[in-house]
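S.K.: Structure: query.cif, mmCIF, C-alpha atoms.
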```
data_run
#
loop_
_atom_site.label_atom_id
_atom_site.label_comp_id
_atom_site.auth_asym_id
_atom_site.auth_seq_id
_atom_site.Cartn_x
_atom_site.Cartn_y
_atom_site.Cartn_z
CA ASP A 1 13.33 61.04 15.35
CA ALA A 2 15.91 58.60 14.08
CA GLY A 3 17.53 56.30 16.58
CA VAL A 4 21.20 55.50 16.90
CA ILE A 5 22.59 54.59 13.50
CA GLN A 6 25.45 52.16 13.06
CA SER A 7 27.28 51.04 9.98
CA PRO A 8 28.04 48.60 8.63
CA ARG A 9 25.49 46.18 10.02
CA HIS A 10 27.66 43.22 9.12
CA GLU A 11 31.37 43.01 8.49
CA VAL A 12 33.44 40.01 7.48
CA THR A 13 37.16 40.54 7.24
CA GLU A 14 40.39 38.63 7.36
CA MET A 15 42.80 38.62 10.23
CA GLY A 16 45.21 41.51 10.06
CA GLN A 17 42.88 43.85 8.25
CA GLU A 18 41.73 47.18 9.60
CA VAL A 19 38.10 47.45 10.60
CA THR A 20 36.23 50.71 11.15
CA LEU A 21 32.81 50.78 12.77
CA ARG A 22 30.72 53.92 12.61
CA CYS A 23 28.04 55.42 14.81
CA LYS A 24 25.70 58.37 14.62
CA PRO A 25 24.07 59.09 18.00
CA ILE A 26 20.60 60.45 18.52
CA SER A 27 20.52 64.16 17.80
CA GLY A 28 20.88 66.19 20.99
CA HIS A 29 22.47 63.41 22.99
CA ASN A 30 25.79 64.31 24.60
CA SER A 31 27.05 60.91 25.72
CA LEU A 32 28.11 58.04 23.51
CA PHE A 33 29.07 54.51 24.45
CA TRP A 34 30.72 51.64 22.61
CA TYR A 35 29.97 48.10 23.81
CA ARG A 36 31.05 44.66 22.70
CA GLN A 37 28.86 41.60 23.16
CA THR A 38 30.01 37.99 23.00
CA MET A 39 28.57 34.76 24.33
CA MET A 40 31.57 34.23 26.57
CA ARG A 41 31.93 37.72 28.07
CA GLY A 42 28.46 39.17 27.73
CA LEU A 43 28.06 42.90 27.24
CA GLU A 44 31.25 44.87 27.87
CA LEU A 45 31.66 48.62 27.90
CA LEU A 46 34.66 49.54 25.79
CA ILE A 47 34.70 53.32 25.98
CA TYR A 48 32.38 56.25 26.48
CA PHE A 49 32.40 59.92 25.58
CA ASN A 50 30.79 62.94 27.17
CA ASN A 51 30.53 66.00 24.94
CA ASN A 52 32.88 64.34 22.44
CA VAL A 53 35.59 63.80 25.06
CA PRO A 54 36.64 60.25 25.98
CA ILE A 55 35.93 59.76 29.67
CA ASP A 56 36.70 56.13 30.36
CA ASP A 57 38.51 53.82 27.96
CA SER A 58 39.50 51.23 30.53
CA GLY A 59 37.40 48.65 28.74
CA MET A 60 39.32 48.91 25.49
CA PRO A 61 40.99 45.51 25.19
CA GLU A 62 44.35 46.61 23.87
CA ASP A 63 46.15 49.09 21.71
CA ARG A 64 44.67 47.57 18.59
CA PHE A 65 41.42 49.28 19.48
CA SER A 66 40.91 53.00 19.17
CA ALA A 67 37.84 55.24 19.22
CA LYS A 68 37.25 58.80 18.17
CA MET A 69 34.41 61.26 18.32
CA PRO A 70 35.33 64.22 16.13
CA ASN A 71 31.94 65.88 16.57
CA ALA A 72 28.64 65.44 18.35
CA SER A 73 27.08 63.46 15.54
CA PHE A 74 29.75 60.92 14.65
CA SER A 75 32.02 58.36 16.27
CA THR A 76 34.25 55.58 15.04
CA LEU A 77 35.68 52.46 16.60
CA LYS A 78 38.71 51.13 14.82
CA ILE A 79 40.46 47.79 15.16
CA GLN A 80 43.89 47.54 13.60
CA PRO A 81 45.00 44.84 13.05
CA SER A 82 41.92 42.69 13.58
CA GLU A 83 42.10 39.21 15.08
CA PRO A 84 39.59 36.33 15.13
CA ARG A 85 38.98 36.89 18.85
CA ASP A 86 37.59 40.33 17.99
CA SER A 87 34.57 38.65 16.41
CA ALA A 88 31.55 39.98 18.27
CA VAL A 89 28.58 42.29 18.03
CA TYR A 90 29.59 45.90 18.61
CA PHE A 91 26.93 48.25 19.88
CA CYS A 92 26.90 51.99 20.01
CA ALA A 93 24.54 53.70 22.46
CA SER A 94 23.78 57.31 23.27
CA SER A 95 22.10 59.25 26.05
CA PHE A 96 21.58 62.77 27.25
CA ARG A 97 23.66 63.22 30.36
CA VAL A 98 22.51 65.43 33.18
CA LEU A 99 25.13 66.16 35.78
CA ALA A 100 24.69 63.80 38.74
CA GLY A 101 21.54 62.39 37.18
CA VAL A 102 20.76 58.69 37.08
CA SER A 103 17.62 58.46 34.96
CA GLU A 104 19.06 59.06 31.53
CA THR A 105 18.33 56.04 29.39
CA GLN A 106 20.88 54.70 26.98
CA TYR A 107 19.48 54.03 23.54
CA PHE A 108 21.25 51.40 21.51
CA GLY A 109 21.94 51.15 17.84
CA PRO A 110 21.24 47.93 15.93
CA GLY A 111 24.83 46.75 16.33
CA THR A 112 27.54 45.68 13.93
CA ARG A 113 28.19 41.96 13.65
CA LEU A 114 31.89 41.54 13.07
CA LEU A 115 33.45 38.30 11.94
CA VAL A 116 37.21 38.11 11.63
CA LEU A 117 38.42 35.05 9.75
CA ALA B 1 32.01 48.24 43.64
CA GLN B 2 28.90 48.28 41.54
CA LYS B 3 27.40 45.00 40.47
CA ILE B 4 24.26 43.61 38.87
CA THR B 5 23.37 39.94 39.34
CA GLN B 6 20.88 37.97 37.29
CA THR B 7 20.80 34.42 38.59
CA GLN B 8 18.37 32.90 36.10
CA PRO B 9 20.16 32.00 32.87
CA GLY B 10 16.93 30.72 31.34
CA MET B 11 13.23 30.89 32.10
CA PHE B 12 10.13 29.38 30.54
CA VAL B 13 6.60 30.70 30.81
CA GLN B 14 3.29 29.66 29.35
CA GLU B 15 1.68 32.14 27.00
CA LYS B 16 -0.70 34.52 28.82
CA GLU B 17 0.90 33.79 32.19
CA ALA B 18 2.94 36.27 34.21
CA VAL B 19 6.67 35.83 34.75
CA THR B 20 9.20 37.44 37.07
CA LEU B 21 12.82 37.92 36.06
CA ASP B 22 15.15 38.44 38.99
CA CYS B 23 17.75 41.17 39.37
CA THR B 24 19.78 42.09 42.42
CA TYR B 25 22.22 44.93 42.62
CA ASP B 26 25.03 46.09 44.80
CA THR B 27 26.03 49.67 45.36
CA SER B 28 26.85 51.83 48.32
CA ASP B 29 25.54 54.92 46.61
CA GLN B 30 22.15 56.28 47.60
CA SER B 31 21.32 57.69 44.18
CA TYR B 32 21.05 55.21 41.36
CA GLY B 33 18.82 54.16 38.51
CA LEU B 34 17.77 50.68 37.45
CA PHE B 35 16.92 49.75 33.88
CA TRP B 36 15.66 46.73 32.01
CA TYR B 37 16.40 46.01 28.37
CA LYS B 38 15.06 43.38 26.01
CA GLN B 39 17.20 41.78 23.33
CA PRO B 40 15.23 39.67 20.85
CA SER B 41 16.91 37.22 18.53
CA SER B 42 17.28 39.98 15.96
CA GLY B 43 19.89 41.49 18.26
CA GLU B 44 18.79 45.02 19.03
CA MET B 45 18.70 46.26 22.63
CA ILE B 46 15.32 47.71 23.50
CA PHE B 47 14.76 49.85 26.60
CA LEU B 48 11.78 48.64 28.63
CA ILE B 49 11.52 50.33 31.99
CA TYR B 50 13.32 52.53 34.51
CA GLN B 51 13.20 52.82 38.31
CA GLY B 52 14.98 55.50 40.34
CA SER B 53 16.29 54.76 43.79
CA TYR B 54 14.20 57.54 45.28
CA ASP B 55 11.00 56.57 43.49
CA GLU B 56 8.48 55.42 46.04
CA GLN B 57 6.21 53.65 43.62
CA ASN B 58 7.12 50.75 41.41
CA ALA B 59 7.54 51.68 37.79
CA THR B 60 5.09 50.34 35.23
CA GLU B 61 5.09 50.44 31.43
CA GLY B 62 2.21 48.59 29.86
CA ARG B 63 2.65 44.90 30.59
CA TYR B 64 6.00 45.53 32.26
CA SER B 65 6.38 46.42 35.91
CA LEU B 66 9.38 46.63 38.13
CA ASN B 67 9.14 45.13 41.59
CA PHE B 68 11.56 47.38 43.45
CA GLN B 69 12.57 46.25 46.93
CA LYS B 70 15.21 48.68 48.09
CA ALA B 71 16.06 46.99 51.38
CA ARG B 72 16.70 43.72 49.57
CA LYS B 73 18.45 45.49 46.71
CA SER B 74 16.30 43.79 44.15
CA ALA B 75 14.66 45.13 41.01
CA ASN B 76 12.73 42.28 39.46
CA LEU B 77 10.96 42.66 36.13
CA VAL B 78 7.42 41.37 35.97
CA ILE B 79 5.88 40.68 32.58
CA SER B 80 2.16 40.13 32.70
CA ALA B 81 0.14 38.20 30.14
CA SER B 82 3.19 36.85 28.32
CA GLN B 83 3.15 36.82 24.55
CA LEU B 84 5.21 34.80 22.10
CA GLY B 85 6.99 37.99 21.11
CA ASP B 86 8.32 38.32 24.66
CA SER B 87 10.77 35.50 23.99
CA ALA B 88 14.14 37.22 24.23
CA MET B 89 17.14 37.94 26.44
CA TYR B 90 16.45 40.41 29.21
CA PHE B 91 19.17 42.51 30.79
CA CYS B 92 19.08 44.41 34.05
CA ALA B 93 21.34 47.46 34.32
CA MET B 94 22.24 50.08 36.89
CA ARG B 95 23.57 53.60 36.72
CA VAL B 96 25.08 55.18 39.79
CA SER B 97 25.37 58.92 40.15
CA ASN B 98 28.94 59.04 41.42
CA THR B 99 30.49 56.75 38.82
CA GLY B 100 30.07 58.88 35.77
CA ASN B 101 27.68 57.98 33.06
CA GLN B 102 28.26 54.30 32.56
CA PHE B 103 25.82 51.45 32.98
CA TYR B 104 26.54 48.20 34.79
CA PHE B 105 24.83 45.29 33.07
CA GLY B 106 23.88 41.87 34.33
CA THR B 107 24.55 38.70 32.37
CA GLY B 108 20.98 38.44 31.20
CA THR B 109 18.08 35.99 31.41
CA SER B 110 16.79 34.13 28.40
CA LEU B 111 13.00 33.98 28.43
CA THR B 112 11.07 31.53 26.29
CA VAL B 113 7.31 31.84 26.01
CA ILE B 114 5.61 28.53 25.30
CA PRO B 115 2.41 28.52 23.25
#
```
Translate this file's structure into C-alpha coordinates.
M.R.:
Amino acid sequence: DAGVIQSPRHEVTEMGQEVTLRCKPISGHNSLFWYRQTMMRGLELLIYFNNNVPIDDSGMPEDRFSAKMPNASFSTLKIQPSEPRDSAVYFCASSFRVLAGVSETQYFGPGTRLLVL
Amino acid sequence: AQKITQTQPGMFVQEKEAVTLDCTYDTSDQSYGLFWYKQPSSGEMIFLIYQGSYDEQNATEGRYSLNFQKARKSANLVISASQLGDSAMYFCAMRVSNTGNQFYFGTGTSLTVIP
(Lines of atoms letter the chains of each structure in order from A and count residues from 1; the text may use other names and numbers.)
(Lines give C-alpha, C1' and ligand atoms only; values in the text may rest on other atoms or scores of the structure.)
Protein backbone atom coordinates (compact mmCIF):
# COMPACT_ATOMS: atom_id res chain seq x y z
CA ASP A 1 0.00 0.00 0.00
CA ALA A 2 1.27 3.46 -0.81
CA GLY A 3 2.28 5.67 2.07
CA VAL A 4 1.39 9.30 2.56
CA ILE A 5 2.12 11.22 -0.62
CA GLN A 6 3.15 14.86 -0.61
CA SER A 7 3.82 17.23 -3.43
CA PRO A 8 5.88 19.04 -4.34
CA ARG A 9 8.91 17.63 -2.59
CA HIS A 10 10.78 20.90 -2.95
CA GLU A 11 9.49 24.40 -3.50
CA VAL A 12 11.44 27.59 -3.96
CA THR A 13 9.44 30.77 -4.24
CA GLU A 14 9.76 34.48 -3.76
CA MET A 15 8.33 36.43 -0.89
CA GLY A 16 4.75 37.42 -1.51
CA GLN A 17 3.90 34.50 -3.73
CA GLU A 18 1.22 31.95 -2.97
CA VAL A 19 2.37 28.47 -2.07
CA THR A 20 0.16 25.38 -2.10
CA LEU A 21 1.30 22.12 -0.56
CA ARG A 22 -0.60 18.93 -1.27
CA CYS A 23 -1.13 15.70 0.61
CA LYS A 24 -2.75 12.37 -0.11
CA PRO A 25 -3.20 10.32 3.09
CA ILE A 26 -3.01 6.57 3.32
CA SER A 27 -6.20 5.01 1.99
CA GLY A 28 -8.63 4.23 4.80
CA HIS A 29 -7.11 6.67 7.26
CA ASN A 30 -9.56 9.16 8.74
CA SER A 31 -7.21 11.62 10.42
CA LEU A 32 -4.77 13.96 8.74
CA PHE A 33 -2.16 16.21 10.28
CA TRP A 34 -0.02 19.06 8.97
CA TYR A 35 3.28 19.75 10.73
CA ARG A 36 6.06 22.25 10.23
CA GLN A 37 9.66 21.49 11.17
CA THR A 38 12.43 24.05 11.63
CA MET A 39 15.72 23.98 13.47
CA MET A 40 14.61 26.72 15.81
CA ARG A 41 11.12 25.48 16.70
CA GLY A 42 11.33 21.76 16.08
CA LEU A 43 8.24 19.89 14.96
CA GLU A 44 5.04 21.91 15.29
CA LEU A 45 1.50 20.72 14.70
CA LEU A 46 -0.28 23.23 12.50
CA ILE A 47 -3.71 21.68 12.06
CA TYR A 48 -5.41 18.33 12.03
CA PHE A 49 -8.57 16.90 10.53
CA ASN A 50 -10.82 14.05 11.57
CA ASN A 51 -13.12 12.73 8.85
CA ASN A 52 -12.26 15.75 6.69
CA VAL A 53 -13.32 18.22 9.40
CA PRO A 54 -10.72 20.57 10.92
CA ILE A 55 -10.52 19.82 14.63
CA ASP A 56 -7.71 21.97 15.93
CA ASP A 57 -6.05 24.76 13.98
CA SER A 58 -4.53 26.52 16.95
CA GLY A 59 -1.07 25.84 15.59
CA MET A 60 -1.64 27.74 12.38
CA PRO A 61 0.74 30.69 12.68
CA GLU A 62 -1.48 33.38 11.23
CA ASP A 63 -4.14 34.17 8.71
CA ARG A 64 -1.70 33.72 5.87
CA PHE A 65 -1.98 29.99 6.42
CA SER A 66 -5.05 28.00 5.48
CA ALA A 67 -5.75 24.30 5.11
CA LYS A 68 -8.54 22.36 3.47
CA MET A 69 -9.56 18.76 3.17
CA PRO A 70 -12.27 18.54 0.52
CA ASN A 71 -12.39 14.75 0.64
CA ALA A 72 -10.85 11.79 2.42
CA SER A 73 -8.02 11.43 -0.04
CA PHE A 74 -6.74 14.98 -0.45
CA SER A 75 -5.65 17.96 1.61
CA THR A 76 -3.93 21.25 0.89
CA LEU A 77 -1.97 23.70 2.97
CA LYS A 78 -1.81 27.15 1.47
CA ILE A 79 0.39 30.09 2.40
CA GLN A 80 -0.60 33.44 0.94
CA PRO A 81 1.42 35.61 0.87
CA SER A 82 4.56 33.67 1.71
CA GLU A 83 7.38 35.15 3.78
CA PRO A 84 11.01 34.07 4.28
CA ARG A 85 10.22 32.97 7.85
CA ASP A 86 7.86 30.36 6.40
CA SER A 87 10.87 28.45 5.09
CA ALA A 88 10.69 25.01 6.66
CA VAL A 89 9.91 21.38 5.99
CA TYR A 90 6.18 20.74 5.97
CA PHE A 91 5.01 17.25 6.80
CA CYS A 92 1.66 15.67 6.29
CA ALA A 93 0.77 12.62 8.39
CA SER A 94 -2.25 10.36 8.57
CA SER A 95 -3.68 7.81 10.96
CA PHE A 96 -6.79 5.76 11.55
CA ARG A 97 -8.52 7.21 14.56
CA VAL A 98 -10.43 5.02 16.96
CA LEU A 99 -12.57 6.87 19.44
CA ALA A 100 -10.71 7.20 22.74
CA GLY A 101 -7.89 5.07 21.40
CA VAL A 102 -4.23 5.90 21.92
CA SER A 103 -2.39 3.33 19.82
CA GLU A 104 -3.03 4.68 16.36
CA THR A 105 0.29 5.45 14.75
CA GLN A 106 0.76 8.51 12.63
CA TYR A 107 2.46 7.80 9.33
CA PHE A 108 4.36 10.67 7.80
CA GLY A 109 4.83 11.70 4.23
CA PRO A 110 8.28 12.55 2.88
CA GLY A 111 7.76 16.27 3.51
CA THR A 112 7.93 19.37 1.37
CA ARG A 113 11.02 21.52 1.73
CA LEU A 114 9.91 25.10 1.27
CA LEU A 115 12.31 27.95 0.73
CA VAL A 116 10.94 31.46 0.50
CA LEU A 117 13.44 33.98 -0.82
CA ALA B 1 -0.62 19.89 30.28
CA GLN B 2 0.98 17.23 28.17
CA LYS B 3 4.70 17.33 27.64
CA ILE B 4 7.51 15.19 26.26
CA THR B 5 11.09 15.87 27.32
CA GLN B 6 14.21 14.60 25.60
CA THR B 7 17.22 15.90 27.48
CA GLN B 8 19.99 14.53 25.25
CA PRO B 9 20.50 16.79 22.24
CA GLY B 10 23.24 14.53 20.90
CA MET B 11 24.54 11.04 21.57
CA PHE B 12 27.43 8.99 20.25
CA VAL B 13 27.70 5.22 20.25
CA GLN B 14 30.24 2.77 18.94
CA GLU B 15 29.06 0.48 16.19
CA LYS B 16 27.67 -2.81 17.55
CA GLU B 17 27.15 -1.34 21.01
CA ALA B 18 23.77 -0.69 22.62
CA VAL B 19 22.51 2.83 23.27
CA THR B 20 19.66 4.26 25.32
CA LEU B 21 17.85 7.42 24.30
CA ASP B 22 15.96 9.08 27.12
CA CYS B 23 12.37 10.27 27.08
CA THR B 24 10.24 11.47 29.96
CA TYR B 25 6.64 12.48 29.70
CA ASP B 26 4.09 14.37 31.70
CA THR B 27 0.39 13.75 31.66
CA SER B 28 -2.33 13.34 34.23
CA ASP B 29 -4.29 11.02 32.00
CA GLN B 30 -4.21 7.30 32.71
CA SER B 31 -4.61 6.24 29.09
CA TYR B 32 -1.87 7.26 26.72
CA GLY B 33 0.42 5.91 24.06
CA LEU B 34 4.14 6.49 23.58
CA PHE B 35 5.85 6.40 20.22
CA TRP B 36 9.36 6.67 18.86
CA TYR B 37 10.22 7.94 15.40
CA LYS B 38 13.49 8.02 13.50
CA GLN B 39 14.40 10.84 11.16
CA PRO B 40 17.50 10.14 9.04
CA SER B 41 19.31 12.87 7.18
CA SER B 42 17.06 12.27 4.19
CA GLY B 43 14.27 13.82 6.24
CA GLU B 44 11.47 11.29 6.40
CA MET B 45 9.87 10.40 9.73
CA ILE B 46 9.87 6.66 10.30
CA PHE B 47 7.74 5.01 12.99
CA LEU B 48 9.79 2.65 15.16
CA ILE B 49 7.90 1.43 18.18
CA TYR B 50 4.80 1.93 20.32
CA GLN B 51 4.03 1.40 24.01
CA GLY B 52 0.59 1.72 25.59
CA SER B 53 0.18 2.93 29.13
CA TYR B 54 -1.63 -0.24 30.10
CA ASP B 55 0.85 -2.58 28.47
CA GLU B 56 2.57 -4.61 31.14
CA GLN B 57 5.47 -5.72 29.01
CA ASN B 58 8.00 -3.51 27.34
CA ALA B 59 7.52 -3.22 23.61
CA THR B 60 10.13 -4.67 21.29
CA GLU B 61 10.60 -4.40 17.53
CA GLY B 62 13.70 -6.10 16.25
CA ARG B 63 16.71 -4.23 17.60
CA TYR B 64 14.49 -1.60 19.18
CA SER B 65 13.00 -1.93 22.63
CA LEU B 66 11.21 0.52 24.82
CA ASN B 67 12.15 0.64 28.49
CA PHE B 68 8.84 1.74 29.98
CA GLN B 69 8.91 2.83 33.61
CA LYS B 70 5.45 4.12 34.38
CA ALA B 71 6.12 5.33 37.91
CA ARG B 72 9.04 7.41 36.69
CA LYS B 73 7.13 8.50 33.59
CA SER B 74 9.94 7.47 31.33
CA ALA B 75 9.89 5.69 27.98
CA ASN B 76 13.49 5.25 26.91
CA LEU B 77 14.39 3.77 23.55
CA VAL B 78 17.06 1.10 23.56
CA ILE B 79 18.82 0.28 20.31
CA SER B 80 20.87 -2.88 20.48
CA ALA B 81 23.83 -3.70 18.25
CA SER B 82 24.02 -0.22 16.72
CA GLN B 83 24.61 0.07 13.01
CA LEU B 84 25.91 2.98 10.96
CA GLY B 85 22.44 3.35 9.47
CA ASP B 86 21.06 4.12 12.93
CA SER B 87 22.65 7.57 12.78
CA ALA B 88 19.64 9.89 12.77
CA MET B 89 17.41 12.12 14.86
CA TYR B 90 15.09 10.25 17.17
CA PHE B 91 11.82 11.71 18.41
CA CYS B 92 9.69 10.56 21.30
CA ALA B 93 5.96 11.32 21.08
CA MET B 94 2.87 10.84 23.19
CA ARG B 95 -0.82 10.60 22.45
CA VAL B 96 -3.32 11.05 25.23
CA SER B 97 -6.84 9.74 24.96
CA ASN B 98 -8.65 12.82 26.24
CA THR B 99 -6.87 15.38 24.08
CA GLY B 100 -8.15 14.37 20.71
CA ASN B 101 -5.93 12.80 18.16
CA GLN B 102 -2.82 14.90 18.30
CA PHE B 103 0.70 13.83 19.16
CA TYR B 104 3.03 15.69 21.49
CA PHE B 105 6.61 15.49 20.26
CA GLY B 106 9.89 15.95 22.06
CA THR B 107 12.73 18.03 20.68
CA GLY B 108 14.64 15.00 19.52
CA THR B 109 18.03 13.38 20.11
CA SER B 110 20.68 13.22 17.43
CA LEU B 111 22.41 9.85 17.43
CA THR B 112 25.73 9.30 15.72
CA VAL B 113 27.09 5.78 15.34
CA ILE B 114 30.87 5.68 15.17
CA PRO B 115 32.53 2.95 13.11
S.K.: Write out as number ranges by chain the residues lying within 8 Å of A:Gly16, counting all atoms listed in the file and excluding same-chain residues fewer than 2 positions away.
M.R.: A: 14, 18, 80-83
S.K.: With a distance threshold of 9 Å and counting only C-alpha atoms, extract the residues of chain A near chain B and express them as a CSV table (one decimal) with C-alpha atoms, in the frame of the given file.
M.R.:
```csv
chain,number,residue,atom,x,y,z
A,31,SER,CA,27.0,60.9,25.7
A,33,PHE,CA,29.1,54.5,24.4
A,41,ARG,CA,31.9,37.7,28.1
A,42,GLY,CA,28.5,39.2,27.7
A,43,LEU,CA,28.1,42.9,27.2
A,44,GLU,CA,31.2,44.9,27.9
A,45,LEU,CA,31.7,48.6,27.9
A,48,TYR,CA,32.4,56.2,26.5
A,50,ASN,CA,30.8,62.9,27.2
A,55,ILE,CA,35.9,59.8,29.7
A,56,ASP,CA,36.7,56.1,30.4
A,89,VAL,CA,28.6,42.3,18.0
A,91,PHE,CA,26.9,48.2,19.9
A,97,ARG,CA,23.7,63.2,30.4
A,99,LEU,CA,25.1,66.2,35.8
A,100,ALA,CA,24.7,63.8,38.7
A,101,GLY,CA,21.5,62.4,37.2
A,102,VAL,CA,20.8,58.7,37.1
A,103,SER,CA,17.6,58.5,35.0
A,104,GLU,CA,19.1,59.1,31.5
A,105,THR,CA,18.3,56.0,29.4
A,106,GLN,CA,20.9,54.7,27.0
A,107,TYR,CA,19.5,54.0,23.5
A,108,PHE,CA,21.2,51.4,21.5
A,109,GLY,CA,21.9,51.2,17.8
A,110,PRO,CA,21.2,47.9,15.9
A,111,GLY,CA,24.8,46.8,16.3
```
S.K.: Mind working out the centre and edge lengths of an axis-aligned box for stretch 66-80 of chain A, all listed atoms inside, 3 Å added to each side, rounded to one decimal in Å and written as AutoDock Vina command-line options?
M.R.:
```
--center_x 35.5 --center_y 56.7 --center_z 16.4 --size_x 22.8 --size_y 24.3 --size_z 11.6
```
S.K.: Enter the distance from atom CA of A:Phe96 to atom CA of A:Ile47, in Å, rounded to one decimal.
M.R.: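 So the two atoms, atom CA of A:Phe96 and atom CA of A:Ile47, lie 16.2 Å apart.
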S.K.: If we count only C-alpha atoms and set the cut-off at 7 Å, which residues sit around B:Ser82, ignoring sequence neighbours fewer than 3 positions away in its own chain? Please answer as a list in words.
M.R.: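 Skipping anything fewer than 3 positions along the chain leaves Glu15, Lys16, Glu17, Ala18, Ile79, Asp86 and Val113 of chain B.
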S.K.: Do a neighbour search on A:Met69 at 12 Å with all atoms listed in the file, toss out local chain neighbours closer than 2 positions, and write the hits as a VMD selection string.
M.R.: chain A and resid 21 to 25 30 to 34 47 to 55 66 to 67 71 to 78
S.K.: So that I can check the surroundings of stretch 70-73 of chain B, please list as a list of chain:residue names every protein, DNA and RNA residue that reaches within 8 Å of it, counting all atoms listed in the file and ignoring chain neighbours fewer than 6 positions away.
M.R.: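 Surrounding residues, per the criterion: B:Thr24, B:Tyr25, B:Asp26, B:Ser53.
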S.K.: Could you please take those selected residues and save C-alpha atoms as a PDB file, in the frame of the given file?
M.R.:
```pdb
ATOM      1  CA  THR B  24      19.780  42.090  42.420  1.00  0.00           C
ATOM      2  CA  TYR B  25      22.220  44.930  42.620  1.00  0.00           C
ATOM      3  CA  ASP B  26      25.030  46.090  44.800  1.00  0.00           C
ATOM      4  CA  SER B  53      16.290  54.760  43.790  1.00  0.00           C
TER       5      SER B  53
END
```
S.K.: Excluding same-chain residues fewer than 2 positions from B:Thr109, what lies within 6 Å of it counting all atoms listed in the file, as a ChimeraX atom specification?
M.R.: /B:8-10,89-90
S.K.: Between atom CA of A:Tyr35 and atom CA of A:Tyr90, measure the distance and give it in Å to one decimal.
M.R.: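 Between atom CA of A:Tyr35 and atom CA of A:Tyr90 the gap works out to 5.7 Å.
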S.K.: Tell me, in Å to one decimal, how far atom CA of B:Leu77 is from atom CA of B:Ser110.
M.R.: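 These atoms are spaced 12.9 Å apart.
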S.K.: On this structure, which residues satisfy the PyMOL selection byres ((chain A and resi 87) around 6), written as a count of residues only?
M.R.: 7
S.K.: Compare B:Ala1, B:Leu66, B:Ala75, B:Ala81 by their minimum atom-to-atom distance to B:Cys23, counting all atoms listed in the file, and give me the closest one.
M.R.: B:Ala75
